[in-house]
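Reproduced below: start-v1.txt, with compact mmCIF, C-alpha atoms and all ligand atoms.
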# COMPACT_ATOMS: atom_id res chain seq x y z
CA MET A 151 -75.71 -17.07 1.07
CA GLU A 152 -75.45 -14.73 4.02
CA LYS A 153 -76.96 -17.07 6.55
CA PHE A 154 -77.46 -20.80 7.15
CA PRO A 155 -81.00 -22.20 6.73
CA GLU A 156 -83.31 -21.15 9.55
CA PRO A 157 -83.17 -24.28 11.80
CA LEU A 158 -79.37 -24.08 11.80
CA GLU A 159 -79.43 -20.37 12.54
CA ALA A 160 -81.91 -20.97 15.37
CA LEU A 161 -79.63 -23.52 17.07
CA ILE A 162 -76.54 -21.36 16.54
CA LYS A 163 -78.41 -18.49 18.20
CA GLU A 164 -79.19 -20.69 21.23
CA PHE A 165 -75.56 -21.79 21.64
CA ASN A 166 -74.46 -18.19 21.20
CA LYS A 167 -76.49 -17.26 24.32
CA LEU A 168 -74.30 -19.53 26.51
CA PRO A 169 -71.47 -18.00 28.56
CA SER A 170 -68.16 -17.67 26.69
CA ILE A 171 -69.62 -19.08 23.45
CA GLY A 172 -69.20 -16.58 20.62
CA ARG A 173 -70.83 -16.82 17.18
CA LYS A 174 -67.86 -18.70 15.64
CA THR A 175 -67.74 -21.31 18.41
CA ALA A 176 -71.52 -21.67 18.27
CA GLU A 177 -71.33 -22.34 14.52
CA ARG A 178 -68.56 -24.91 15.02
CA LEU A 179 -70.51 -26.76 17.72
CA VAL A 180 -73.73 -26.80 15.73
CA LEU A 181 -72.06 -27.99 12.54
CA TYR A 182 -70.32 -30.70 14.55
CA LEU A 183 -73.66 -31.85 15.98
CA LEU A 184 -75.13 -31.88 12.50
CA SER A 185 -72.38 -34.26 11.37
CA GLN A 186 -73.16 -36.74 14.18
CA ASP A 187 -75.59 -39.68 14.19
CA ALA A 188 -79.21 -38.91 15.03
CA GLN A 189 -78.74 -41.10 18.13
CA GLU A 190 -76.02 -38.80 19.47
CA THR A 191 -78.16 -35.69 19.14
CA GLN A 192 -81.02 -37.60 20.76
CA LEU A 193 -78.81 -38.36 23.78
CA LEU A 194 -77.78 -34.72 24.02
CA SER A 195 -81.30 -33.35 23.83
CA GLN A 196 -82.55 -35.90 26.37
CA ALA A 197 -79.72 -35.00 28.78
CA LEU A 198 -80.66 -31.31 28.45
CA LEU A 199 -84.31 -32.03 29.23
CA ASP A 200 -83.37 -34.33 32.16
CA VAL A 201 -81.27 -31.62 33.80
CA LYS A 202 -84.24 -29.29 33.87
CA SER A 203 -86.84 -31.83 34.91
CA LYS A 204 -84.84 -33.94 37.43
CA ILE A 205 -82.46 -31.53 39.14
CA ARG A 206 -83.61 -29.15 41.84
CA PRO A 207 -82.06 -27.24 44.73
CA CYS A 208 -81.74 -29.07 48.06
CA LYS A 209 -84.35 -27.55 50.37
CA ILE A 210 -81.78 -27.18 53.17
CA CYS A 211 -78.48 -26.14 51.54
CA PHE A 212 -79.41 -25.35 47.87
CA ASN A 213 -76.89 -27.81 46.48
CA TYR A 214 -78.08 -29.60 43.30
CA THR A 215 -80.05 -32.75 44.02
CA GLU A 216 -82.55 -35.18 42.52
CA ALA A 217 -84.41 -35.57 45.83
CA GLU A 218 -85.82 -33.08 48.35
CA GLU A 219 -82.56 -33.08 50.28
CA CYS A 220 -79.06 -33.59 48.86
CA GLU A 221 -76.77 -36.53 49.72
CA ILE A 222 -74.64 -34.37 52.03
CA CYS A 223 -77.56 -33.03 54.10
CA LYS A 224 -78.96 -36.56 54.39
CA ASP A 225 -75.65 -38.07 55.54
CA VAL A 226 -75.84 -38.53 59.34
CA ARG A 227 -72.06 -39.11 59.57
CA ARG A 228 -71.38 -35.50 58.63
CA ASP A 229 -70.71 -32.89 61.28
CA GLY A 230 -73.88 -30.81 61.60
CA SER A 231 -72.18 -28.25 63.84
CA THR A 232 -70.18 -26.76 60.95
CA VAL A 233 -71.58 -25.07 57.85
CA CYS A 234 -69.37 -24.03 54.95
CA VAL A 235 -70.86 -21.22 52.85
CA VAL A 236 -70.08 -21.19 49.12
CA GLY A 237 -71.31 -19.09 46.19
CA GLN A 238 -72.13 -21.89 43.74
CA PRO A 239 -72.60 -25.70 43.79
CA GLN A 240 -69.44 -26.27 41.69
CA GLU A 241 -67.36 -24.75 44.50
CA LEU A 242 -68.97 -27.17 46.96
CA LEU A 243 -67.99 -30.04 44.69
CA LYS A 244 -64.43 -28.79 44.54
CA LEU A 245 -64.19 -28.64 48.36
CA GLU A 246 -65.69 -32.14 48.62
CA LYS A 247 -62.91 -33.49 46.40
CA THR A 248 -60.30 -32.40 48.95
CA ASN A 249 -61.80 -34.88 51.51
CA GLU A 250 -60.73 -32.33 54.10
CA TYR A 251 -64.13 -31.16 55.19
CA GLN A 252 -66.76 -33.27 56.96
CA GLY A 253 -69.35 -30.64 57.82
CA LEU A 254 -72.40 -29.36 55.94
CA TYR A 255 -72.72 -26.64 53.29
CA HIS A 256 -74.87 -23.71 52.32
CA VAL A 257 -74.95 -22.50 48.70
CA LEU A 258 -75.76 -18.80 48.37
CA GLY A 259 -76.52 -18.94 44.64
CA GLY A 260 -74.11 -16.11 43.87
CA LEU A 261 -72.38 -13.23 45.62
CA ILE A 262 -73.53 -9.77 46.64
CA SER A 263 -72.56 -7.50 43.76
CA PRO A 264 -73.80 -3.89 43.88
CA VAL A 265 -72.30 -3.26 40.41
CA ASN A 266 -74.45 -6.03 38.92
CA GLY A 267 -77.52 -5.17 40.98
CA ILE A 268 -77.29 -8.35 43.11
CA GLY A 269 -78.31 -7.63 46.68
CA PRO A 270 -78.54 -9.95 49.73
CA GLU A 271 -82.25 -10.43 48.98
CA HIS A 272 -81.37 -12.22 45.71
CA LEU A 273 -79.30 -14.87 47.52
CA HIS A 274 -80.12 -17.67 49.99
CA ILE A 275 -79.02 -15.57 52.96
CA ASP A 276 -82.33 -15.55 54.86
CA GLU A 277 -82.36 -19.34 54.63
CA LEU A 278 -78.79 -19.46 55.99
CA MET A 279 -79.74 -17.25 58.93
CA ARG A 280 -82.72 -19.48 59.72
CA ARG A 281 -80.42 -22.52 59.76
CA LEU A 282 -78.03 -20.75 62.10
CA GLU A 283 -80.79 -19.49 64.37
CA ALA A 284 -81.97 -23.08 64.84
CA GLY A 285 -79.01 -23.35 67.23
CA LYS A 286 -77.07 -26.46 66.16
CA VAL A 287 -74.30 -24.72 64.23
CA ARG A 288 -71.11 -23.80 66.12
CA GLU A 289 -68.91 -22.65 63.22
CA VAL A 290 -69.55 -21.03 59.85
CA ILE A 291 -66.73 -21.24 57.29
CA LEU A 292 -66.97 -18.63 54.55
CA ALA A 293 -65.45 -20.15 51.41
CA LEU A 294 -66.16 -17.30 49.02
CA ASP A 295 -64.08 -16.10 46.09
CA PRO A 296 -61.23 -13.89 47.29
CA LYS A 297 -62.27 -11.08 44.95
CA VAL A 298 -64.27 -7.88 45.55
CA ASP A 299 -67.77 -9.45 45.55
CA GLY A 300 -66.62 -12.42 47.66
CA GLU A 301 -64.92 -10.18 50.20
CA PHE A 302 -67.94 -7.91 50.35
CA THR A 303 -70.29 -10.88 50.84
CA ALA A 304 -68.01 -12.38 53.53
CA MET A 305 -67.97 -9.10 55.46
CA TYR A 306 -71.74 -8.74 55.13
CA LEU A 307 -72.31 -12.28 56.42
CA ALA A 308 -69.76 -11.98 59.24
CA ARG A 309 -71.57 -8.86 60.50
CA LYS A 310 -74.96 -10.57 60.27
CA ILE A 311 -73.78 -13.75 62.04
CA LYS A 312 -71.88 -12.02 64.85
CA PRO A 313 -74.90 -11.32 67.11
CA LEU A 314 -75.66 -15.08 67.10
CA GLY A 315 -72.32 -15.75 68.80
CA ILE A 316 -71.32 -18.36 66.20
CA LYS A 317 -67.62 -18.63 65.32
CA THR A 318 -67.08 -17.36 61.77
CA THR A 319 -63.93 -18.26 59.84
CA GLN A 320 -62.74 -17.66 56.32
CA LEU A 321 -60.61 -19.73 53.96
CA ALA A 322 -57.26 -18.06 53.99
CA GLN A 323 -53.78 -19.18 53.11
CA GLY A 324 -53.22 -20.58 49.72
CA VAL A 325 -56.20 -19.42 47.69
CA PRO A 326 -54.52 -17.13 45.16
CA ILE A 327 -55.85 -13.58 45.21
CA GLY A 328 -58.07 -12.86 42.25
CA ARG A 329 -58.51 -16.52 41.29
CA ASP A 330 -61.86 -18.27 41.09
CA LEU A 331 -62.32 -20.78 43.89
CA GLU A 332 -63.55 -23.23 41.27
CA PHE A 333 -60.14 -23.28 39.61
CA ALA A 334 -57.99 -23.62 42.74
CA ASP A 335 -56.25 -27.00 42.90
CA GLU A 336 -57.18 -29.53 45.59
CA VAL A 337 -53.96 -29.25 47.62
CA THR A 338 -54.31 -25.48 47.75
CA LEU A 339 -57.94 -25.75 48.83
CA SER A 340 -57.06 -28.39 51.40
CA ARG A 341 -54.54 -26.02 52.99
CA ALA A 342 -57.07 -23.20 52.84
CA VAL A 343 -59.59 -25.27 54.81
CA GLN A 344 -56.98 -26.15 57.46
CA GLY A 345 -55.64 -22.60 57.69
CA ARG A 346 -58.92 -20.74 57.91
CA THR A 347 -58.91 -17.58 60.01
CA ASN A 348 -61.40 -15.96 62.36
CA LEU A 349 -63.53 -13.12 61.03
ZN ZN B 1 -78.32 -30.18 51.00
Written form, structure tokens:
Amino acid sequence: MEKFPEPLEALIKEFNKLPSIGRKTAERLVLYLLSQDAQETQLLSQALLDVKSKIRPCKICFNYTEAEECEICKDVRRDGSTVCVVGQPQELLKLEKTNEYQGLYHVLGGLISPVNGIGPEHLHIDELMRRLEAGKVREVILALDPKVDGEFTAMYLARKIKPLGIKTTQLAQGVPIGRDLEFADEVTLSRAVQGRTNL
């Protein structure tokens, strides 16, 4: 037998498409699922469907939400004069856990990456500029990965924001060079928020 029966192969193929899941890991996961109760697999498939049908991007900041606007944008206690720009929603979540930041966010949906063919037009940059042009924001904090694409995106944004006369700062001390923001610990991120520098 060179291959598993077709339904098994089909599911293995789907898992194999996921990031950092190779063929061996995909096989292990699928065979594990097969050994579970039908109820367990039902819960998993329902959760997968729910994510696609119930979650959408916040129409203001592009954070994940179940409603039109996310909980952060709706919260009147938050400081609307500061917007922190992140690449992905998981980085926003990480910053929230520090309890250091009380302003609003803007999720770009990635970083400018000429090598991967990702230009500013593929990200939520126009929407960010429209928010800033509305006139309420006094400071933009760029919390982008301290690697090539993040640096490039930060410089691009700083240049674009400058004519608006809005203070632009960048997370600085503490975020280890070359590390993903998502994996930085909370104390480190906390310090980075406090020690941000002007751009
Ligand atoms: Zn939002």
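Between CA of Val298 (chain A) and CA of Leu321 (chain A) the interatomic distance comes to 15.0 Å.
Across the model, the gap from CA of Tyr182 (chain A) to CA of Leu161 (chain A) is 12.0 Å.
The smallest atom-to-atom distance between ligand ZN 1 (chain B) and any of A:His272, A:Arg228, A:Lys244, A:Arg309, using all atoms listed in the file, is found for A:Arg228.
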Report as a compact mmCIF listing (two decimals) with C-alpha atoms, in the frame of the given file which protein, DNA and RNA residues come within 6 Å of ligand ZN 1 (chain B), using all atoms listed in the file.
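That gives us result.txt:
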# COMPACT_ATOMS: atom_id res chain seq x y z
CA CYS A 208 -81.74 -29.07 48.06
CA ILE A 210 -81.78 -27.18 53.17
CA CYS A 211 -78.48 -26.14 51.54
CA PHE A 212 -79.41 -25.35 47.87
CA ASN A 213 -76.89 -27.81 46.48
CA GLU A 219 -82.56 -33.08 50.28
CA CYS A 220 -79.06 -33.59 48.86
CA ILE A 222 -74.64 -34.37 52.03
CA CYS A 223 -77.56 -33.03 54.10
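CA of Pro270 (chain A) is positioned 28.9 Å from CA of Glu250 (chain A).
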Practice prompt. Just the residues within 9 Å of region 157-159 of chain A, please, counting all atoms listed in the file, with nothing from its chain fewer than 3 positions along; format it as a list in words.
Written response: Lys153, Phe154, Ile162, Lys163, Glu164, Glu177, Val180, Leu181 and Leu184 of chain A
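Counting all atoms listed in the file and comparing A:Asn348, A:Ser263, A:Thr318, A:Thr248, the residue that lies closest to Phe302 (chain A) is A:Ser263.
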Worksheet item: At most 7 Å from (-80.3, -34.8, 41.0), file frame, only C-alpha atoms: which residues, as a PyMOL selection string?
Response: chain A and resi 204-206+214-217
Item to complete: Pick out the closest residue to Ile262 (chain A) from this set: A:Cys234, A:Val201, A:Leu179, A:Met305. Count only C-alpha atoms.
Response: A:Met305
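The closest residue to Ala176 (chain A), picked from A:Ala160, A:Val226, A:Leu258, A:His274 and counting only C-alpha atoms, is A:Ala160.
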Taking all atoms of region 308-317 of chain A that the file lists, what box with edges along x, y and z, padded by 6 Å per side, do you get, with centre and edge lengths in Å to one decimal, as lines of an AutoDock Vina configuration file?
center_x = -71.6
center_y = -13.7
center_z = 64.0
size_x = 20.0
size_y = 21.8
size_z = 21.6
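If you count only C-alpha atoms and ignore residues fewer than 4 places along the chain from Asn249 (chain A), what sits within 10 Å of it is Lys244, Leu245, Glu336 and Ser340 of chain A.
The nearest approach to Pro264 (chain A) among the residues A:Glu246, A:Lys286, A:Gly300, A:Ala293, with all atoms listed in the file taken into account, belongs to A:Gly300.
Using all atoms listed in the file, the smallest distance between any of A:Ser185, A:Gly253, A:Lys310, A:Gln320 and Glu283 (chain A) comes from A:Lys310.
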Discussion item. I'd like the contact shell of Leu282 (chain A) - 9 Å cut-off, all atoms listed in the file, skipping same-chain residues fewer than 6 positions apart - returned as a list in words.
Written reply: Val233, Arg288, Val290, Ile311, Leu314 and Ile316 of chain A
